[in-house]
$ cat final_16.txt   # compact mmCIF, C-alpha atoms
# COMPACT_ATOMS: atom_id res chain seq x y z
CA ALA A 30 -11.63 -13.86 -20.59
CA CYS A 31 -9.18 -13.41 -17.74
CA ALA A 32 -8.24 -10.13 -16.05
CA TRP A 33 -4.51 -9.84 -15.36
CA PRO A 34 -4.04 -7.04 -12.79
CA LEU A 35 -0.55 -5.63 -12.29
CA LEU A 36 1.00 -2.81 -10.26
CA ASP A 37 3.17 0.18 -11.06
CA ASP A 38 6.84 -0.63 -11.67
CA ALA A 39 7.80 1.18 -8.46
CA ASP A 40 5.49 -1.13 -6.49
CA GLY A 41 7.10 -4.28 -7.88
CA TYR A 42 4.84 -4.76 -10.94
CA TRP A 43 4.00 -8.41 -10.16
CA ALA A 44 2.23 -9.71 -7.08
CA SER A 45 4.60 -10.99 -4.39
CA GLU A 46 5.04 -11.36 -0.66
CA SER A 47 6.38 -7.82 -0.48
CA ASN A 48 3.28 -6.14 -1.91
CA ALA A 49 0.46 -8.56 -1.04
CA ALA A 50 -1.76 -5.94 0.60
CA LEU A 51 -1.25 -3.45 -2.24
CA PHE A 52 -2.03 -6.08 -4.85
CA ALA A 53 -5.13 -7.20 -2.94
CA ALA A 54 -6.38 -3.60 -2.94
CA ARG A 55 -5.77 -3.45 -6.69
CA VAL A 56 -7.89 -6.57 -7.25
CA ASP A 57 -10.62 -5.34 -4.90
CA ALA A 58 -10.87 -2.16 -6.98
CA LEU A 59 -11.05 -4.26 -10.14
CA LEU A 60 -13.85 -6.42 -8.73
CA ALA A 61 -15.75 -3.33 -7.62
CA ALA A 62 -15.44 -1.80 -11.11
CA ALA A 63 -16.67 -5.04 -12.68
CA ARG A 64 -19.71 -5.06 -10.38
CA ALA A 65 -20.47 -1.43 -11.13
CA ARG A 66 -20.37 -2.11 -14.85
CA ARG A 67 -22.26 -5.39 -14.51
CA ALA A 68 -19.40 -7.12 -16.27
CA PRO A 69 -18.50 -10.10 -14.08
CA LEU A 70 -15.00 -11.55 -14.43
CA PRO A 71 -14.71 -15.31 -15.02
CA TRP A 72 -11.05 -15.39 -13.93
CA VAL A 73 -8.50 -13.19 -12.20
CA ALA A 74 -4.81 -13.98 -12.76
CA VAL A 75 -2.33 -13.53 -9.91
CA ASP A 76 1.17 -13.39 -11.40
CA LEU A 77 3.47 -14.24 -8.48
CA LYS A 78 7.12 -13.25 -8.91
CA PRO A 79 9.84 -11.32 -7.10
CA ARG A 80 9.79 -7.57 -7.57
CA LEU A 81 10.61 -6.13 -10.99
CA GLU A 82 13.81 -4.42 -9.85
CA GLU A 83 15.14 -7.74 -8.54
CA LEU A 84 14.77 -9.40 -11.94
CA ARG A 85 16.15 -6.72 -14.23
CA GLY A 86 19.47 -7.66 -15.81
CA ILE A 87 19.31 -11.37 -14.96
CA GLY A 88 19.54 -12.28 -18.64
CA SER A 89 22.60 -10.13 -19.33
CA GLU A 90 24.75 -10.24 -16.19
CA SER A 91 27.64 -12.68 -15.91
CA PHE A 92 27.34 -15.59 -13.50
CA ALA A 93 30.15 -14.08 -11.43
CA ARG A 94 28.11 -10.92 -10.81
CA LEU A 95 24.73 -12.61 -10.74
CA ALA A 96 25.49 -15.29 -8.14
CA PRO A 97 26.11 -12.97 -5.15
CA ARG A 98 23.12 -10.86 -6.13
CA LEU A 99 20.82 -13.90 -6.20
CA CYS A 100 22.20 -15.16 -2.90
CA ALA A 101 21.47 -11.82 -1.25
CA GLN A 102 17.95 -11.86 -2.67
CA ALA A 103 17.42 -15.42 -1.41
CA VAL A 104 18.35 -14.35 2.12
CA ARG A 105 15.81 -11.52 1.94
CA HIS A 106 13.09 -13.70 0.49
CA LEU A 107 13.35 -16.52 3.04
CA ASP A 108 11.29 -14.75 5.65
CA GLN A 109 8.78 -17.11 7.28
CA PRO A 110 6.76 -14.48 9.17
CA ARG A 111 6.39 -12.37 6.03
CA PHE A 112 5.48 -15.47 4.02
CA ALA A 113 2.77 -16.35 6.55
CA ARG A 114 1.38 -12.81 6.48
CA ALA A 115 1.32 -12.74 2.68
CA THR A 116 -0.36 -16.15 2.57
CA ALA A 117 -3.12 -14.87 4.85
CA VAL A 118 -3.61 -11.76 2.69
CA PHE A 119 -3.79 -13.76 -0.54
CA ALA A 120 -6.09 -16.39 1.01
CA ALA A 121 -8.50 -13.67 2.12
CA LEU A 122 -8.28 -12.13 -1.36
CA HIS A 123 -9.15 -15.46 -2.94
CA LYS A 124 -12.27 -15.69 -0.80
CA ARG A 125 -13.36 -12.25 -2.02
CA ILE A 126 -12.66 -13.24 -5.62
CA ALA A 127 -14.79 -16.35 -5.16
CA ALA A 128 -17.56 -14.32 -3.50
CA ALA A 129 -17.60 -12.10 -6.61
CA GLY A 130 -18.29 -15.17 -8.74
CA ALA A 131 -14.80 -15.34 -10.23
CA ARG A 132 -11.98 -17.85 -10.02
CA ALA A 133 -8.29 -17.19 -9.44
CA LEU A 134 -5.34 -18.41 -11.48
CA ALA A 135 -1.93 -18.26 -9.77
CA VAL A 136 1.05 -18.22 -12.13
CA THR A 137 4.64 -18.59 -10.99
CA TYR A 138 8.06 -20.10 -11.61
CA PRO A 139 8.42 -23.86 -12.16
CA PHE A 140 10.87 -24.13 -9.25
CA VAL A 141 7.96 -24.15 -6.78
CA SER A 142 7.07 -27.64 -8.03
CA ALA A 143 9.71 -28.93 -5.60
CA ASP A 144 7.39 -28.01 -2.72
CA PHE A 145 4.77 -30.37 -4.15
CA ALA A 146 7.28 -33.19 -3.69
CA THR A 147 8.44 -32.22 -0.18
CA GLY A 148 5.13 -30.91 1.13
CA GLY A 149 6.88 -27.74 2.29
CA SER A 150 6.82 -24.11 1.19
CA ALA A 151 10.51 -23.15 1.03
CA MET A 152 10.61 -22.70 -2.75
CA GLN A 153 7.40 -20.69 -2.67
CA ASP A 154 9.01 -18.43 -0.09
CA LEU A 155 12.15 -18.14 -2.22
CA CYS A 156 10.09 -17.24 -5.30
CA GLU A 157 7.78 -14.87 -3.38
CA ALA A 158 4.82 -17.01 -4.46
CA PRO A 159 2.46 -18.29 -1.73
CA LEU A 160 0.34 -21.06 -3.23
CA GLY A 161 -1.52 -22.39 -0.19
CA CYS A 162 -4.22 -19.75 -0.63
CA GLY A 163 -7.02 -21.71 -2.27
CA TRP A 164 -6.14 -20.73 -5.83
CA ASP A 165 -8.46 -22.41 -8.32
CA ARG A 166 -5.62 -23.14 -10.70
CA VAL A 167 -1.84 -23.06 -10.34
CA ALA A 168 0.19 -22.69 -13.54
CA LEU A 169 3.94 -23.01 -13.94
CA MET A 170 5.87 -20.84 -16.38
CA ALA A 171 7.64 -23.71 -18.12
CA TYR A 172 9.24 -21.38 -20.66
CA GLY A 173 11.70 -23.45 -22.66
CA SER A 174 13.31 -20.57 -24.52
CA LEU A 175 13.64 -18.42 -21.39
CA ILE A 176 15.22 -20.98 -19.05
CA ALA A 177 17.54 -22.35 -21.73
CA GLY A 178 18.54 -18.87 -22.88
CA TYR A 179 19.19 -17.52 -19.41
CA SER A 180 21.33 -20.59 -18.62
CA ARG A 181 23.93 -19.32 -21.16
CA GLY A 182 24.29 -22.70 -22.79
CA LEU A 183 24.26 -24.80 -19.64
CA PHE A 184 20.87 -26.27 -20.57
CA SER A 185 19.37 -26.77 -24.02
CA VAL A 186 15.72 -26.35 -24.92
CA GLU A 187 15.47 -30.15 -24.89
CA ASP A 188 16.93 -30.28 -21.37
CA VAL A 189 14.42 -27.69 -20.19
CA ARG A 190 11.55 -29.54 -21.89
CA TRP A 191 12.36 -32.61 -19.79
CA TYR A 192 12.66 -30.49 -16.65
CA GLY A 193 9.32 -28.81 -17.40
CA PHE A 194 7.71 -32.19 -17.94
CA ARG A 195 8.96 -33.39 -14.55
CA ALA A 196 8.03 -30.16 -12.74
CA LEU A 197 4.53 -30.05 -14.23
CA GLY A 198 4.08 -33.72 -13.38
CA ARG A 199 4.82 -32.96 -9.71
CA VAL A 200 2.12 -30.30 -9.57
CA ALA A 201 -0.41 -32.27 -11.62
CA ALA A 202 0.06 -35.29 -9.32
CA VAL A 203 -1.26 -33.15 -6.45
CA LEU A 204 -3.67 -30.77 -8.19
CA GLY A 205 -4.81 -32.82 -11.16
CA ALA A 206 -6.59 -30.72 -13.78
CA ARG A 207 -6.16 -27.63 -11.58
CA ALA A 208 -2.52 -27.58 -12.73
CA GLY A 209 -1.65 -25.48 -15.76
CA ALA A 210 1.33 -24.75 -18.01
CA PHE A 211 2.43 -21.45 -19.54
CA LEU A 212 4.61 -22.15 -22.56
CA GLY A 213 6.83 -20.14 -24.91
CA LEU A 214 8.15 -17.59 -25.17
CA VAL A 215 6.81 -16.09 -28.36
CA GLY A 216 7.99 -12.49 -28.20
CA ARG A 217 9.46 -10.78 -25.16
CA GLY A 218 7.97 -9.81 -21.84
CA LYS A 219 8.37 -7.04 -19.30
CA LEU A 220 12.13 -7.43 -18.90
CA GLY A 221 12.72 -6.93 -22.62
CA ASP A 222 15.67 -9.30 -22.97
CA GLU A 223 13.90 -12.65 -22.74
CA PRO A 224 15.03 -15.25 -25.30
CA CYS A 225 12.13 -16.45 -27.44
CA TYR A 226 11.33 -19.32 -29.79
CA ASP A 227 11.87 -19.04 -33.52
CA ASP A 228 10.18 -22.29 -34.55
CA PRO A 229 6.61 -23.33 -33.64
CA ARG A 230 7.80 -26.94 -33.56
CA ASP A 231 9.44 -26.25 -30.19
CA LEU A 232 6.15 -24.95 -28.85
CA ALA A 233 4.31 -28.00 -30.19
CA LEU A 234 6.73 -30.35 -28.42
CA ASP A 235 6.37 -28.37 -25.17
CA ALA A 236 2.57 -28.57 -25.38
CA ALA A 237 2.66 -32.31 -26.01
CA ALA A 238 4.94 -32.82 -22.99
CA ALA A 239 2.80 -30.60 -20.75
CA ARG A 240 -0.37 -32.51 -21.62
CA MET A 241 1.41 -35.80 -20.97
CA ALA A 242 2.43 -34.43 -17.56
CA GLY A 243 -1.27 -34.19 -16.71
CA VAL A 244 -2.02 -30.45 -16.70
CA GLY A 245 -5.58 -29.30 -17.31
CA GLU A 246 -4.73 -26.19 -19.30
CA VAL A 247 -1.96 -25.03 -21.63
CA SER A 248 -1.41 -21.32 -22.32
CA LEU A 249 0.93 -19.44 -24.65
CA PHE A 250 2.93 -16.35 -23.75
CA GLY A 251 2.46 -13.88 -25.17
CA LEU A 252 -0.14 -12.18 -27.32
CA GLU A 253 2.02 -9.25 -28.44
CA GLY A 254 4.77 -11.54 -29.66
CA LEU A 255 2.25 -13.76 -31.40
CA LEU A 256 0.71 -10.85 -33.30
CA ASP A 257 4.15 -9.57 -34.29
CA ARG A 258 4.87 -12.81 -36.13
CA PRO A 259 4.04 -13.01 -39.84
CA ASP A 260 2.34 -16.38 -39.26
CA PRO A 261 0.52 -16.26 -35.90
CA GLU A 262 -1.83 -19.05 -36.97
CA ARG A 263 1.07 -21.52 -37.07
CA TRP A 264 1.94 -20.73 -33.46
CA LEU A 265 -1.65 -21.17 -32.30
CA ALA A 266 -1.94 -24.43 -34.24
CA ALA A 267 1.22 -25.69 -32.52
CA LEU A 268 -0.60 -25.81 -29.18
CA THR A 269 -2.71 -28.74 -30.41
CA ALA A 270 -0.57 -30.05 -33.28
CA LEU A 271 0.79 -33.11 -31.45
CA PRO A 272 -0.82 -35.68 -29.16
CA PRO A 273 0.35 -35.88 -25.54
CA ALA A 274 3.81 -37.43 -25.38
CA ALA A 275 6.66 -37.57 -22.91
CA PRO A 276 9.80 -35.84 -24.21
CA PRO A 277 13.02 -37.81 -24.62
CA PHE A 278 14.93 -38.24 -21.36
CA ARG A 279 17.65 -35.64 -20.87
CA ALA A 280 20.25 -36.20 -18.18
CA ARG A 281 20.89 -32.48 -17.66
CA GLY A 282 17.18 -31.79 -17.42
CA GLU A 283 16.80 -34.51 -14.81
CA LEU A 284 19.82 -33.14 -12.94
CA LEU A 285 18.19 -29.72 -12.89
CA HIS A 286 14.94 -31.18 -11.58
CA ARG A 287 16.60 -33.21 -8.84
CA SER A 288 18.96 -30.40 -7.86
CA ILE A 289 16.05 -28.01 -7.34
CA GLU A 290 14.19 -30.57 -5.25
CA ALA A 291 17.31 -31.21 -3.18
CA GLY A 292 17.73 -27.46 -2.77
CA ALA A 293 14.13 -27.18 -1.60
CA SER A 294 14.76 -29.80 1.08
CA ALA A 295 17.90 -27.95 2.21
CA LEU A 296 16.05 -24.64 2.33
CA ALA A 297 13.25 -26.22 4.34
CA LEU A 298 15.81 -27.44 6.86
CA LEU A 299 17.42 -24.00 7.10
CA ARG A 300 14.03 -22.39 7.63
CA ALA A 301 13.22 -24.89 10.37
CA LEU A 302 16.53 -24.20 12.10
CA GLY A 303 15.99 -20.47 11.76
CA ALA A 304 12.52 -20.72 13.27

$ encode --input "final_16.txt" --output "structure tokens"
Amino acid sequence: ACAWPLLDDADGYWASESNAALFAARVDALLAAARARRAPLPWVAVDLKPRLEELRGIGSESFARLAPRLCAQAVRHLDQPRFARATAVFAALHKRIAAAGARALAVTYPFVSADFATGGSAMQDLCEAPLGCGWDRVALMAYGSLIAGYSRGLFSVEDVRWYGFRALGRVAAVLGARAGAFLGLVGRGKLGDEPCYDDPRDLALDAAAARMAGVGEVSLFGLEGLLDRPDPERWLAALTALPPAAPPFRARGELLHRSIEAGASALALLRALGA
């Protein structure tokens, strides 16, 4: 069992640089309640994303309107002092989680995998997701349906599967079995407009690619969507239906992977110049 603490919508909902102290207090209260009830928690999930209000509408806005909005958000997010403060808060939180006998799972966007290639933290800063905090496992949300759907046809599910394979491989090369993959989507999430899979075969291919990339754990998002399906057993079976296998090479997927890593290097340079 894994506790998945979240915040009120007005506080950002997910953990991020902007609400690190508030989220830490939320987890401290959770750990205290678990001790009082003598119900120790094996795992605590830390879902690291930008604030809820920054992500609403991303799936429906046109690129022309979305691009300036994302650029403005990127400028706000790339704040090295705030990133350092949030890292310290989350690192201290992880020590308290460990002292309570639990382990911590950090979950975030796949774009942060670029930092595992460069050794920097620019993409973590951009995604509001400090990872140098001692987390026991780091999982990437390699959601094929979501990334392909939000790209408005620029990338196919097959393109994203190759990108996810490459991104997960970057993290697994550094963390080994401590790396994890969140796959799907099956059903929709908090935003309500997330594209989701219709065929468990896509999930099976994603799981095979993730295992080939070297991750130690594969998870499916999400439970509500799974239970809403008339055949939830087929979706669960898809997670182990195929042996580990690399997906077919996709040029667009590789372009996406390399472009993000090049962007991470450029952001790291800009941060260094700004410092």

$ closest_residue --input "final_16.txt" --among "A:Pro276, A:Ala202, A:Arg105, A:Ala158" --to "Val186 of chain A" --atoms "all atoms listed in the file"
A:Pro276

$ residues_around --input "final_16.txt" --residues "Ser47 of chain A" --least-positions-apart "4" --cutoff "8 Å" --atoms "all atoms listed in the file" --output "CSV table (one decimal) with C-alpha atoms, in the frame of the given file"
chain,number,residue,atom,x,y,z
A,80,ARG,CA,9.8,-7.6,-7.6
A,111,ARG,CA,6.4,-12.4,6.0
A,115,ALA,CA,1.3,-12.7,2.7
A,157,GLU,CA,7.8,-14.9,-3.4

$ closest_atom_pairs --input "final_16.txt" --of "segment 38-61 of chain A" --to "segment 135-152 of chain A" --cutoff "12 Å" --atoms "only C-alpha atoms" --output "tab-separated table"
residue	atom	partner	partner_atom	distance
A:Trp43	CA	A:Thr137	CA	10.2
A:Ala44	CA	A:Ala135	CA	9.9
A:Ser45	CA	A:Thr137	CA	10.1

$ write_last_selection --input "final_16.txt" --atoms "C-alpha atoms" --output "tab-separated table (two decimals), in the frame of the given file"
chain	number	residue	atom	x	y	z
A	43	TRP	CA	4.00	-8.41	-10.16
A	44	ALA	CA	2.23	-9.71	-7.08
A	45	SER	CA	4.60	-10.99	-4.39

$ closest_atom_pairs --input "final_16.txt" --of "segment 142-169 of chain A" --to "segment 50-73 of chain A" --cutoff "12 Å" --atoms "all atoms listed in the file" --output "Markdown table"
| residue | atom | partner | partner_atom | distance |
| --- | --- | --- | --- | --- |
| A:Trp164 | CA | A:Val73 | CA | 10.1 |
| A:Asp165 | CA | A:Trp72 | CA | 9.4 |
| A:Arg166 | CA | A:Trp72 | CA | 10.0 |

$ atom_distance --input "final_16.txt" --atom1 "atom CA of Ala171 of chain A" --atom2 "atom CA of Leu204 of chain A"
16.6 Å

$ residues_near_point --input "final_16.txt" --point "(7.2, -23.1, -30.3)" --cutoff "8 Å" --atoms "all atoms listed in the file" --output "ChimeraX atom specification"
/A:213-215,226-235,264,267

$ atom_distance --input "final_16.txt" --atom1 "atom CA of Met241 of chain A" --atom2 "atom CA of Gly163 of chain A"
24.9 Å

$ residues_around --input "final_16.txt" --residues "Lys124 of chain A" --least-positions-apart "4" --cutoff "10 Å" --atoms "only C-alpha atoms" --output "list in words"
Phe119, Ala120, Ala128, Ala129, Gly130, Ala131, Arg132, Ala133, Cys162, Gly163 and Trp164 of chain A

$ residues_near_point --input "final_16.txt" --point "(-3.5, -8.8, -17.9)" --cutoff "12 Å" --atoms "only C-alpha atoms" --output "ChimeraX atom specification"
/A:30-36,42-43,56,59,72-76,134,136,250-253
